[in-house]
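Trainee: Coordinates in entry-v1.cif, mmCIF, C-alpha atoms, are listed below.
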```cif
data_data
#
loop_
_atom_site.group_PDB
_atom_site.id
_atom_site.type_symbol
_atom_site.label_atom_id
_atom_site.label_comp_id
_atom_site.auth_asym_id
_atom_site.auth_seq_id
_atom_site.Cartn_x
_atom_site.Cartn_y
_atom_site.Cartn_z
ATOM 1 C CA MET A 266 10.371 1.203 18.321
ATOM 2 C CA TRP A 267 6.862 2.628 18.414
ATOM 3 C CA LEU A 268 6.968 2.862 14.612
ATOM 4 C CA LEU A 269 7.749 -0.818 14.048
ATOM 5 C CA SER A 270 4.457 -1.980 12.607
ATOM 6 C CA ALA A 271 3.938 1.092 10.452
ATOM 7 C CA ALA A 272 7.382 0.684 8.935
ATOM 8 C CA LEU A 273 7.049 -2.999 8.071
ATOM 9 C CA ILE A 274 3.517 -3.578 6.922
ATOM 10 C CA VAL A 275 3.704 -2.032 3.500
ATOM 11 C CA ALA A 276 2.334 -4.669 1.159
ATOM 12 C CA SER A 277 -0.303 -3.396 -1.266
ATOM 13 C CA PRO A 278 -0.299 0.291 -0.436
ATOM 14 C CA ALA A 279 -3.104 2.526 -1.671
ATOM 15 C CA SER A 280 -1.571 3.431 -4.999
ATOM 16 C CA ALA A 281 -4.045 3.814 -7.806
ATOM 17 C CA GLY A 282 -1.727 4.152 -10.797
ATOM 18 C CA PRO A 283 -2.216 6.376 -13.866
ATOM 19 C CA TRP A 284 -5.649 5.164 -15.023
ATOM 20 C CA VAL A 285 -8.276 7.330 -13.313
ATOM 21 C CA LYS A 286 -11.747 5.780 -13.132
ATOM 22 C CA PRO A 287 -14.531 7.582 -15.060
ATOM 23 C CA PRO A 288 -17.694 8.594 -13.156
ATOM 24 C CA GLY A 289 -19.757 5.606 -12.041
ATOM 25 C CA HIS A 290 -16.879 3.127 -12.373
ATOM 26 C CA TRP A 291 -14.825 1.564 -9.625
ATOM 27 C CA TYR A 292 -12.339 -0.967 -8.292
ATOM 28 C CA LEU A 293 -13.256 -2.387 -4.858
ATOM 29 C CA LYS A 294 -11.282 -4.941 -2.873
ATOM 30 C CA ALA A 295 -11.639 -6.712 0.465
ATOM 31 C CA SER A 296 -8.499 -8.574 1.483
ATOM 32 C CA GLY A 297 -6.545 -10.264 4.232
ATOM 33 C CA ALA A 298 -2.755 -10.298 4.517
ATOM 34 C CA THR A 299 -0.091 -11.661 6.802
ATOM 35 C CA TRP A 300 3.518 -10.552 7.246
ATOM 36 C CA ARG A 301 6.242 -12.179 9.314
ATOM 37 C CA GLY A 302 9.902 -11.429 9.825
ATOM 38 C CA ASP A 303 12.727 -10.789 12.252
ATOM 39 C CA VAL A 304 13.486 -7.372 13.719
ATOM 40 C CA GLU A 305 16.903 -6.488 15.073
ATOM 41 C CA GLY A 306 16.808 -6.082 18.864
ATOM 42 C CA VAL A 307 13.156 -7.146 19.058
ATOM 43 C CA GLY A 308 12.803 -10.720 17.803
ATOM 44 C CA SER A 309 10.123 -12.272 15.622
ATOM 45 C CA TYR A 310 7.270 -10.147 14.280
ATOM 46 C CA LEU A 311 3.899 -11.371 13.010
ATOM 47 C CA ASP A 312 1.072 -9.293 11.545
ATOM 48 C CA TRP A 313 -2.409 -10.032 10.195
ATOM 49 C CA THR A 314 -4.294 -7.280 8.367
ATOM 50 C CA ALA A 315 -7.856 -7.075 7.046
ATOM 51 C CA SER A 316 -8.473 -4.142 4.745
ATOM 52 C CA ALA A 317 -11.059 -2.513 2.497
ATOM 53 C CA TYR A 318 -9.773 -0.615 -0.540
ATOM 54 C CA ALA A 319 -11.657 1.480 -3.117
ATOM 55 C CA GLU A 320 -11.066 3.562 -6.228
ATOM 56 C CA VAL A 321 -14.289 5.273 -7.345
ATOM 57 C CA GLY A 322 -14.735 7.716 -10.228
ATOM 58 C CA VAL A 323 -16.872 10.654 -9.133
ATOM 59 C CA LEU A 324 -16.325 13.322 -11.821
ATOM 60 C CA PRO A 325 -14.630 13.359 -15.224
ATOM 61 C CA HIS A 326 -10.895 12.851 -14.608
ATOM 62 C CA LEU A 327 -11.417 12.715 -10.820
ATOM 63 C CA GLN A 328 -11.551 9.704 -8.498
ATOM 64 C CA LEU A 329 -11.579 9.022 -4.778
ATOM 65 C CA VAL A 330 -9.149 6.538 -3.227
ATOM 66 C CA ALA A 331 -9.462 4.977 0.238
ATOM 67 C CA ASP A 332 -7.772 2.156 2.142
ATOM 68 C CA VAL A 333 -8.867 1.239 5.699
ATOM 69 C CA PRO A 334 -6.876 -1.516 7.501
ATOM 70 C CA TYR A 335 -7.530 -3.352 10.766
ATOM 71 C CA ARG A 336 -4.495 -5.126 12.197
ATOM 72 C CA TRP A 337 -3.472 -7.779 14.687
ATOM 73 C CA CYS A 338 0.266 -7.871 15.406
ATOM 74 C CA GLN A 339 2.638 -9.510 17.876
ATOM 75 C CA THR A 340 6.340 -9.644 18.771
ATOM 76 C CA GLN A 341 8.317 -12.262 20.660
ATOM 77 C CA ALA A 342 11.960 -12.047 21.670
ATOM 78 C CA ALA A 343 14.203 -14.983 20.806
ATOM 79 C CA GLY A 344 14.045 -17.637 23.545
ATOM 80 C CA ALA A 345 11.303 -15.770 25.440
ATOM 81 C CA THR A 346 7.849 -17.091 26.355
ATOM 82 C CA LEU A 347 6.243 -13.647 26.667
ATOM 83 C CA VAL A 348 4.339 -12.511 23.561
ATOM 84 C CA ASN A 349 3.339 -8.845 23.092
ATOM 85 C CA ARG A 350 0.118 -8.321 21.132
ATOM 86 C CA THR A 351 -1.772 -5.317 19.771
ATOM 87 C CA ALA A 352 -4.955 -5.037 17.687
ATOM 88 C CA GLY A 353 -6.878 -2.137 16.188
ATOM 89 C CA PHE A 354 -7.391 0.086 13.168
ATOM 90 C CA ALA A 355 -4.094 1.290 11.693
ATOM 91 C CA LYS A 356 -3.418 4.270 9.426
ATOM 92 C CA ALA A 357 -6.120 4.799 6.812
ATOM 93 C CA ARG A 358 -5.192 6.287 3.439
ATOM 94 C CA VAL A 359 -7.764 8.631 1.907
ATOM 95 C CA GLY A 360 -7.302 10.926 -1.068
ATOM 96 C CA VAL A 361 -8.161 12.055 -4.578
ATOM 97 C CA GLY A 362 -6.664 11.381 -7.987
ATOM 98 C CA VAL A 363 -6.787 13.590 -11.057
ATOM 99 C CA GLY A 364 -6.207 12.431 -14.606
ATOM 100 C CA VAL A 365 -3.968 14.948 -16.347
ATOM 101 C CA ALA A 366 -3.168 15.416 -20.031
ATOM 102 C CA PRO A 367 -1.546 12.299 -21.532
ATOM 103 C CA VAL A 368 2.150 12.401 -22.355
ATOM 104 C CA ALA A 369 2.969 10.778 -25.710
ATOM 105 C CA ARG A 370 -0.449 9.058 -25.523
ATOM 106 C CA MET A 371 0.422 7.584 -22.114
ATOM 107 C CA PRO A 372 -2.054 8.163 -19.249
ATOM 108 C CA VAL A 373 -0.829 10.336 -16.383
ATOM 109 C CA SER A 374 -2.390 10.895 -12.954
ATOM 110 C CA ALA A 375 -1.626 12.961 -9.877
ATOM 111 C CA HIS A 376 -2.830 11.769 -6.453
ATOM 112 C CA VAL A 377 -2.848 13.467 -3.074
ATOM 113 C CA ILE A 378 -3.390 10.968 -0.255
ATOM 114 C CA ALA A 379 -3.547 11.606 3.494
ATOM 115 C CA ASN A 380 -2.373 8.922 5.938
ATOM 116 C CA LEU A 381 -4.716 9.242 8.925
ATOM 117 C CA PRO A 382 -4.119 7.416 12.239
ATOM 118 C CA LEU A 383 -7.322 5.743 13.446
ATOM 119 C CA TYR A 384 -5.952 5.184 16.949
ATOM 120 C CA ASP A 385 -4.548 7.137 19.867
ATOM 121 C CA ALA A 386 -0.826 6.385 19.657
ATOM 122 C CA ALA A 387 -0.184 7.958 23.059
ATOM 123 C CA ALA A 388 -2.550 5.454 24.696
ATOM 124 C CA ALA A 389 -1.545 2.418 22.588
ATOM 125 C CA PRO A 390 1.004 -0.185 23.704
ATOM 126 C CA ALA A 391 4.631 0.771 23.056
ATOM 127 C CA LEU A 392 5.361 -2.519 21.261
ATOM 128 C CA PRO A 393 4.126 -3.645 18.932
ATOM 129 C CA SER A 394 2.505 -0.349 18.027
ATOM 130 C CA LEU A 395 -0.083 0.340 15.357
ATOM 131 C CA GLY A 396 2.025 3.277 14.159
ATOM 132 C CA ASP A 397 2.802 6.856 15.058
ATOM 133 C CA ASP A 398 0.235 9.593 15.701
ATOM 134 C CA GLN A 399 1.211 11.987 12.913
ATOM 135 C CA VAL A 400 -0.707 12.637 9.711
ATOM 136 C CA ASP A 401 1.388 12.102 6.580
ATOM 137 C CA VAL A 402 0.490 13.528 3.162
ATOM 138 C CA ASP A 403 1.624 11.810 -0.046
ATOM 139 C CA GLY A 404 1.812 13.449 -3.448
ATOM 140 C CA ILE A 405 2.177 10.831 -6.204
ATOM 141 C CA LEU A 406 2.663 11.246 -9.953
ATOM 142 C CA ALA A 407 2.069 8.148 -12.094
ATOM 143 C CA VAL A 408 2.513 7.375 -15.791
ATOM 144 C CA GLY A 409 1.672 4.183 -17.635
ATOM 145 C CA ALA A 410 1.260 2.368 -20.916
ATOM 146 C CA SER A 411 -0.846 -0.589 -22.045
ATOM 147 C CA PRO A 412 0.363 -1.959 -25.404
ATOM 148 C CA ALA A 413 -1.208 -4.969 -27.111
ATOM 149 C CA VAL A 414 1.068 -7.879 -28.021
ATOM 150 C CA GLY A 415 -0.933 -10.211 -30.225
ATOM 151 C CA GLN A 416 -3.991 -11.265 -28.215
ATOM 152 C CA GLN A 417 -2.326 -10.321 -24.966
ATOM 153 C CA ARG A 418 -2.066 -6.904 -23.343
ATOM 154 C CA LEU A 419 0.838 -5.677 -21.272
ATOM 155 C CA TRP A 420 0.912 -2.723 -18.903
ATOM 156 C CA PHE A 421 3.679 -0.648 -17.405
ATOM 157 C CA ILE A 422 3.420 1.728 -14.447
ATOM 158 C CA ALA A 423 6.027 4.109 -13.047
ATOM 159 C CA GLU A 424 5.300 6.221 -9.959
ATOM 160 C CA ALA A 425 7.267 8.791 -8.018
ATOM 161 C CA GLY A 426 6.049 10.639 -4.956
ATOM 162 C CA TYR A 427 6.861 12.689 -1.899
ATOM 163 C CA ARG A 428 5.722 11.893 1.672
ATOM 164 C CA HIS A 429 5.495 14.911 3.963
ATOM 165 C CA ARG A 430 5.443 14.313 7.712
ATOM 166 C CA THR A 431 3.060 16.972 8.978
ATOM 167 C CA SER A 432 2.638 18.394 12.468
ATOM 168 C CA TRP A 433 -1.039 17.361 12.449
ATOM 169 C CA ALA A 434 -2.262 14.475 14.569
ATOM 170 C CA MET A 435 -5.539 12.715 15.339
ATOM 171 C CA PRO A 436 -5.581 12.204 18.294
ATOM 172 C CA GLY A 437 -2.898 12.067 21.038
ATOM 173 C CA PHE A 438 -0.269 14.278 19.425
ATOM 174 C CA THR A 439 3.016 14.061 21.329
ATOM 175 C CA ASP A 440 5.121 16.617 19.436
ATOM 176 C CA GLN A 441 6.942 14.134 17.230
ATOM 177 C CA ALA A 442 8.749 15.169 14.036
ATOM 178 C CA PHE A 443 10.352 12.911 11.474
ATOM 179 C CA VAL A 444 12.085 13.091 8.132
ATOM 180 C CA ASP A 445 10.153 13.304 4.852
ATOM 181 C CA GLY A 446 10.667 10.610 2.222
ATOM 182 C CA ALA A 447 10.498 9.814 -1.478
ATOM 183 C CA LEU A 448 8.047 7.144 -2.651
ATOM 184 C CA TYR A 449 8.513 4.988 -5.735
ATOM 185 C CA ARG A 450 6.828 2.102 -7.536
ATOM 186 C CA ALA A 451 7.472 0.294 -10.823
ATOM 187 C CA GLN A 452 5.135 -2.407 -12.093
ATOM 188 C CA VAL A 453 4.922 -4.650 -15.166
ATOM 189 C CA GLY A 454 1.794 -6.707 -15.798
ATOM 190 C CA LEU A 455 0.012 -8.901 -18.321
ATOM 191 C CA VAL A 456 -3.693 -9.332 -19.078
ATOM 192 C CA PRO A 457 -3.967 -12.725 -20.843
ATOM 193 C CA GLU A 458 -6.813 -13.031 -23.337
ATOM 194 C CA VAL A 459 -8.125 -16.187 -24.990
ATOM 195 C CA GLY A 460 -10.906 -15.990 -27.577
ATOM 196 C CA GLY A 461 -11.476 -12.325 -26.785
ATOM 197 C CA ARG A 462 -12.011 -13.020 -23.081
ATOM 198 C CA SER A 463 -9.773 -11.687 -20.322
ATOM 199 C CA TRP A 464 -8.402 -14.231 -17.862
ATOM 200 C CA GLY A 465 -7.491 -11.879 -15.054
ATOM 201 C CA TRP A 466 -3.977 -10.471 -14.750
ATOM 202 C CA VAL A 467 -0.496 -11.104 -13.390
ATOM 203 C CA PHE A 468 2.203 -8.588 -12.385
ATOM 204 C CA VAL A 469 5.563 -8.043 -10.718
ATOM 205 C CA GLU A 470 6.569 -4.829 -8.999
ATOM 206 C CA ALA A 471 9.104 -3.026 -6.846
ATOM 207 C CA SER A 472 8.169 -0.226 -4.441
ATOM 208 C CA GLY A 473 9.479 1.598 -1.428
ATOM 209 C CA LEU A 474 10.136 4.687 0.641
ATOM 210 C CA ALA A 475 13.594 6.288 0.538
ATOM 211 C CA LYS A 476 14.452 8.782 3.281
ATOM 212 C CA LEU A 477 15.700 12.200 2.196
ATOM 213 C CA LYS A 478 18.347 12.191 4.923
ATOM 214 C CA TRP A 479 19.581 9.779 7.590
ATOM 215 C CA ASP A 480 17.174 9.484 10.490
ATOM 216 C CA LEU A 481 17.130 7.086 13.459
ATOM 217 C CA ASP A 482 13.435 7.570 14.193
ATOM 218 C CA THR A 483 11.713 6.441 11.021
ATOM 219 C CA ALA A 484 12.533 3.583 8.673
ATOM 220 C CA ALA A 485 12.983 3.484 4.939
ATOM 221 C CA TRP A 486 11.626 0.319 3.335
ATOM 222 C CA HIS A 487 11.937 -1.494 0.019
ATOM 223 C CA GLN A 488 9.689 -4.225 -1.312
ATOM 224 C CA ALA A 489 9.565 -6.670 -4.230
ATOM 225 C CA GLY A 490 6.267 -8.361 -4.957
ATOM 226 C CA LEU A 491 4.105 -10.241 -7.424
ATOM 227 C CA GLY A 492 0.396 -10.840 -7.830
ATOM 228 C CA VAL A 493 -2.112 -12.803 -9.864
ATOM 229 C CA ALA A 494 -5.886 -12.492 -10.321
ATOM 230 C CA ALA A 495 -8.453 -14.900 -11.764
ATOM 231 C CA PRO A 496 -11.978 -13.921 -12.891
ATOM 232 C CA LEU A 497 -15.033 -15.316 -11.165
ATOM 233 C CA GLY A 498 -17.604 -13.610 -13.395
ATOM 234 C CA ALA A 499 -19.782 -10.498 -13.081
ATOM 235 C CA GLY A 500 -16.712 -8.298 -12.542
ATOM 236 C CA LEU A 501 -15.469 -10.310 -9.553
ATOM 237 C CA HIS A 502 -11.859 -11.492 -9.243
ATOM 238 C CA VAL A 503 -9.940 -13.476 -6.660
ATOM 239 C CA GLU A 504 -6.455 -12.039 -6.102
ATOM 240 C CA LEU A 505 -3.319 -13.562 -4.583
ATOM 241 C CA GLY A 506 -0.042 -11.754 -3.912
ATOM 242 C CA ALA A 507 3.302 -12.179 -2.184
ATOM 243 C CA SER A 508 6.100 -9.787 -1.227
ATOM 244 C CA GLU A 509 9.554 -9.615 0.318
ATOM 245 C CA VAL A 510 10.323 -6.532 2.418
ATOM 246 C CA TYR A 511 13.437 -4.944 3.845
ATOM 247 C CA ALA A 512 13.095 -2.112 6.371
ATOM 248 C CA ALA A 513 16.206 -0.080 7.136
ATOM 249 C CA VAL A 514 17.081 1.322 10.595
ATOM 250 C CA VAL A 515 14.908 -1.259 12.372
ATOM 251 C CA GLY A 516 16.968 -3.922 10.600
ATOM 252 C CA SER A 517 14.068 -6.087 9.480
ATOM 253 C CA THR A 518 13.569 -8.498 6.629
ATOM 254 C CA GLY A 519 10.520 -10.635 6.048
ATOM 255 C CA TRP A 520 7.873 -11.847 3.669
ATOM 256 C CA GLY A 521 4.129 -11.499 3.325
ATOM 257 C CA VAL A 522 1.162 -12.934 1.427
ATOM 258 C CA ASN A 523 -2.289 -11.520 0.756
ATOM 259 C CA LEU A 524 -5.587 -12.874 -0.534
ATOM 260 C CA GLY A 525 -8.470 -10.728 -1.686
ATOM 261 C CA LEU A 526 -11.799 -10.535 -3.498
ATOM 262 C CA SER A 527 -12.233 -7.596 -5.844
ATOM 263 C CA HIS A 528 -14.951 -6.154 -8.054
ATOM 264 C CA ARG A 529 -14.287 -4.001 -11.102
ATOM 265 C CA ARG A 530 -16.539 -1.868 -13.227
ATOM 266 C CA ASP A 531 -14.349 -0.404 -15.952
ATOM 267 C CA GLY A 532 -15.136 2.237 -18.524
#
```
Mind turning the file's structure into structure tokens?
Mentor:
Amino acid sequence: MWLLSAALIVASPASAGPWVKPPGHWYLKASGATWRGDVEGVGSYLDWTASAYAEVGVLPHLQLVADVPYRWCQTQAAGATLVNRTAGFAKARVGVGVGVAPVARMPVSAHVIANLPLYDAAAAPALPSLGDDQVDVDGILAVGASPAVGQQRLWFIAEAGYRHRTSWAMPGFTDQAFVDGALYRAQVGLVPEVGGRSWGWVFVEASGLAKLKWDLDTAAWHQAGLGVAAPLGAGLHVELGASEVYAAVVGSTGWGVNLGLSHRRDG
């Protein structure tokens, strides 16, 4: 069960979508999230995460993406008084995105993102853990559209990706090997406009990780979520989201909420 926390805390992954930021433009977000649920054979699970996320355009058609989380998590067996707690930096996600030639006028991007453990899994508590000690590499292809409907603007995003479980580790490698997986995300959103002014955005989405073959060591997960953002002025937005998650193998279901403050400079 060392992988428990990594498998379940999946709300708001670092997934930049098809619109690559031009040089000197960005999307920055500081947020807090909580997730709670029940895990088969373990009991109740509670997690709090503070994270910093960034998409920054550095060259034409090239952006950097980073997500650094710090987590507090605990488990408690049913009817027990003992509570197991762990805190520390979890897996960071760092990578690059490239805007490729549009398809039928729809923006397309390709991202390569490394999942880097910021802890020594061999020295961390067995349960609840902050994750495993392997480096994963994600390749993600995204396509989107943003049609206008009257004064309003919709957007659609479809993503498909591949997560490779490498033999790299940092630090504390213990010769673990797990099954690769297929990533997916679909999102539909609306940017309401009144009098030519944008009033934030709202979206619904589904995302997850499907395993390429049955594996008792790592968990597939599937998530449904929604989010809303309201402008504060000067490019600042307050964001609120919620999600329902199911993680296979570990037999967990649960829900999470997140609250964040973001700043956008769009080209």
Trainee: Taking (-7.0, -1.8, 5.1) in the file's coordinates as the center, which residues reach within 9 Å of it, counting only C-alpha atoms, put as a PyMOL selection string?
Mentor: chain A and resi 278-279+295-297+314-318+331-336+354-358
Trainee: Give as JSON, numbers by chain each residue that has an atom at most 12 Å from (-1.0, 13.8, -22.8) in the file, counting all atoms listed in the file.
Mentor: {"A": [283, 364, 365, 366, 367, 368, 369, 370, 371, 372, 373, 374, 408, 409, 410]}
Trainee: Please build the interface table for stretch 279-327 of chain A against stretch 415-433 of chain A with a cut-off of 10 Å, listing for each qualifying residue the nearest atom pair and the distance in Å to one decimal; count all atoms listed in the file, order rows by chain and increasing number, and write it as JSON lines.
Mentor:
```
{"residue": "A:Ser280", "atom": "CA", "partner": "A:Glu424", "partner_atom": "CA", "distance": 8.9}
{"residue": "A:Ala281", "atom": "CA", "partner": "A:Glu424", "partner_atom": "CA", "distance": 9.9}
{"residue": "A:Gly282", "atom": "CA", "partner": "A:Ile422", "partner_atom": "CA", "distance": 6.8}
{"residue": "A:Pro283", "atom": "CA", "partner": "A:Ile422", "partner_atom": "CA", "distance": 7.3}
{"residue": "A:Trp284", "atom": "CA", "partner": "A:Ile422", "partner_atom": "CA", "distance": 9.7}
```
Trainee: For A:Leu324, please output as a list in words all residues within 12 Å (counting all atoms listed in the file; exclusion window: fewer than 6 positions along the same chain).
Mentor: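 The residues satisfying every condition are Val285, Lys286, Pro287, Pro288, Gly289, His290, Val361, Gly362, Val363 and Gly364 of chain A.
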Trainee: If you measure from atom CA of A:Gly353 to atom CA of A:Cys338, what distance in Å do you get, rounded to one decimal?
Mentor: 9.2 Å
Trainee: Suppose a student applies the PyMOL selection byres ((chain A and resi 500) around 10) to this structure; what residues should they get, written as a tab-separated table (two decimals) with C-alpha atoms, in the coordinates of the input?
Mentor:
```
chain	number	residue	atom	x	y	z
A	292	TYR	CA	-12.34	-0.97	-8.29
A	496	PRO	CA	-11.98	-13.92	-12.89
A	497	LEU	CA	-15.03	-15.32	-11.16
A	498	GLY	CA	-17.60	-13.61	-13.40
A	499	ALA	CA	-19.78	-10.50	-13.08
A	501	LEU	CA	-15.47	-10.31	-9.55
A	502	HIS	CA	-11.86	-11.49	-9.24
A	527	SER	CA	-12.23	-7.60	-5.84
A	528	HIS	CA	-14.95	-6.15	-8.05
A	529	ARG	CA	-14.29	-4.00	-11.10
A	530	ARG	CA	-16.54	-1.87	-13.23
A	531	ASP	CA	-14.35	-0.40	-15.95
```
Trainee: Nearest residue to A:Ala475 out of A:Gly404, A:Pro382, A:Gly446, A:Pro412, using only C-alpha atoms?
Mentor: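 Ranked by minimum distance to A:Ala475, first place goes to A:Gly446.
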Trainee: May I ask which of the residues A:Val453, A:Val323, A:Ala375, A:Leu524 is the closest one to A:Leu505, counting all atoms listed in the file?
Mentor: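 Under the stated criterion, the closest residue is A:Leu524.
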Trainee: Once the PyMOL selection byres ((chain A and resi 474) around 12) has been evaluated on this model, what residues remain selected, and can you format them as a PyMOL selection string?
Mentor: chain A and resi 272-273+275+278+403+424-429+444-450+471-473+475-478+483-488+510-513
Trainee: State, in Å with one decimal place, the distance from atom CA of A:Asn349 to atom CA of A:Trp313.
Mentor: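 Value for the atom CA of A:Asn349-atom CA of A:Trp313 distance: 14.2 Å.
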Trainee: Nearest to A:Lys294 among A:Gly525, A:Gly396, A:Pro325, A:Gly506, with distances taken over only C-alpha atoms: which residue is it?
Mentor: A:Gly525
Trainee: Which of these, A:Val348, A:Ala379, A:Glu458, A:Glu470, has the shortest distance to A:Glu509 once you count all atoms listed in the file?
Mentor: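 Selected residue with least distance to A:Glu509: A:Glu470.
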Trainee: Might you pull out every residue within 7 Å of A:Ala494, with only C-alpha atoms counted and same-chain residues fewer than 4 positions away left off, and present them as a list of chain:residue names?
Mentor: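 The neighbour list is A:Gly465, A:Trp466, A:Val467, A:His502, A:Val503, A:Glu504, A:Leu505.
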Trainee: When distances are computed from all atoms listed in the file, which of A:Val304, A:Val493, A:Ala434, A:Val359 shows the smallest separation from A:Gly454?
Mentor: A:Val493
Trainee: So the first atom is atom CA of A:Ser411 and the second is atom CA of A:Gly521; what is the distance between them in Å, to one decimal place?
Mentor: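 Taking atom CA of A:Ser411 as the start and atom CA of A:Gly521 as the end point, the length is 28.1 Å.
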Trainee: For A:Tyr384, which of A:Val522, A:Ala413, A:Ala407, A:Ala352 is the closest residue, counting all atoms listed in the file?
Mentor: A:Ala352
Trainee: So that I can check the surroundings of A:Gly302, please list as number ranges by chain every protein, DNA and RNA residue that reaches within 9 Å of it, counting all atoms listed in the file and ignoring chain neighbours fewer than 4 positions away.
Mentor: A: 308-311, 510, 517-521
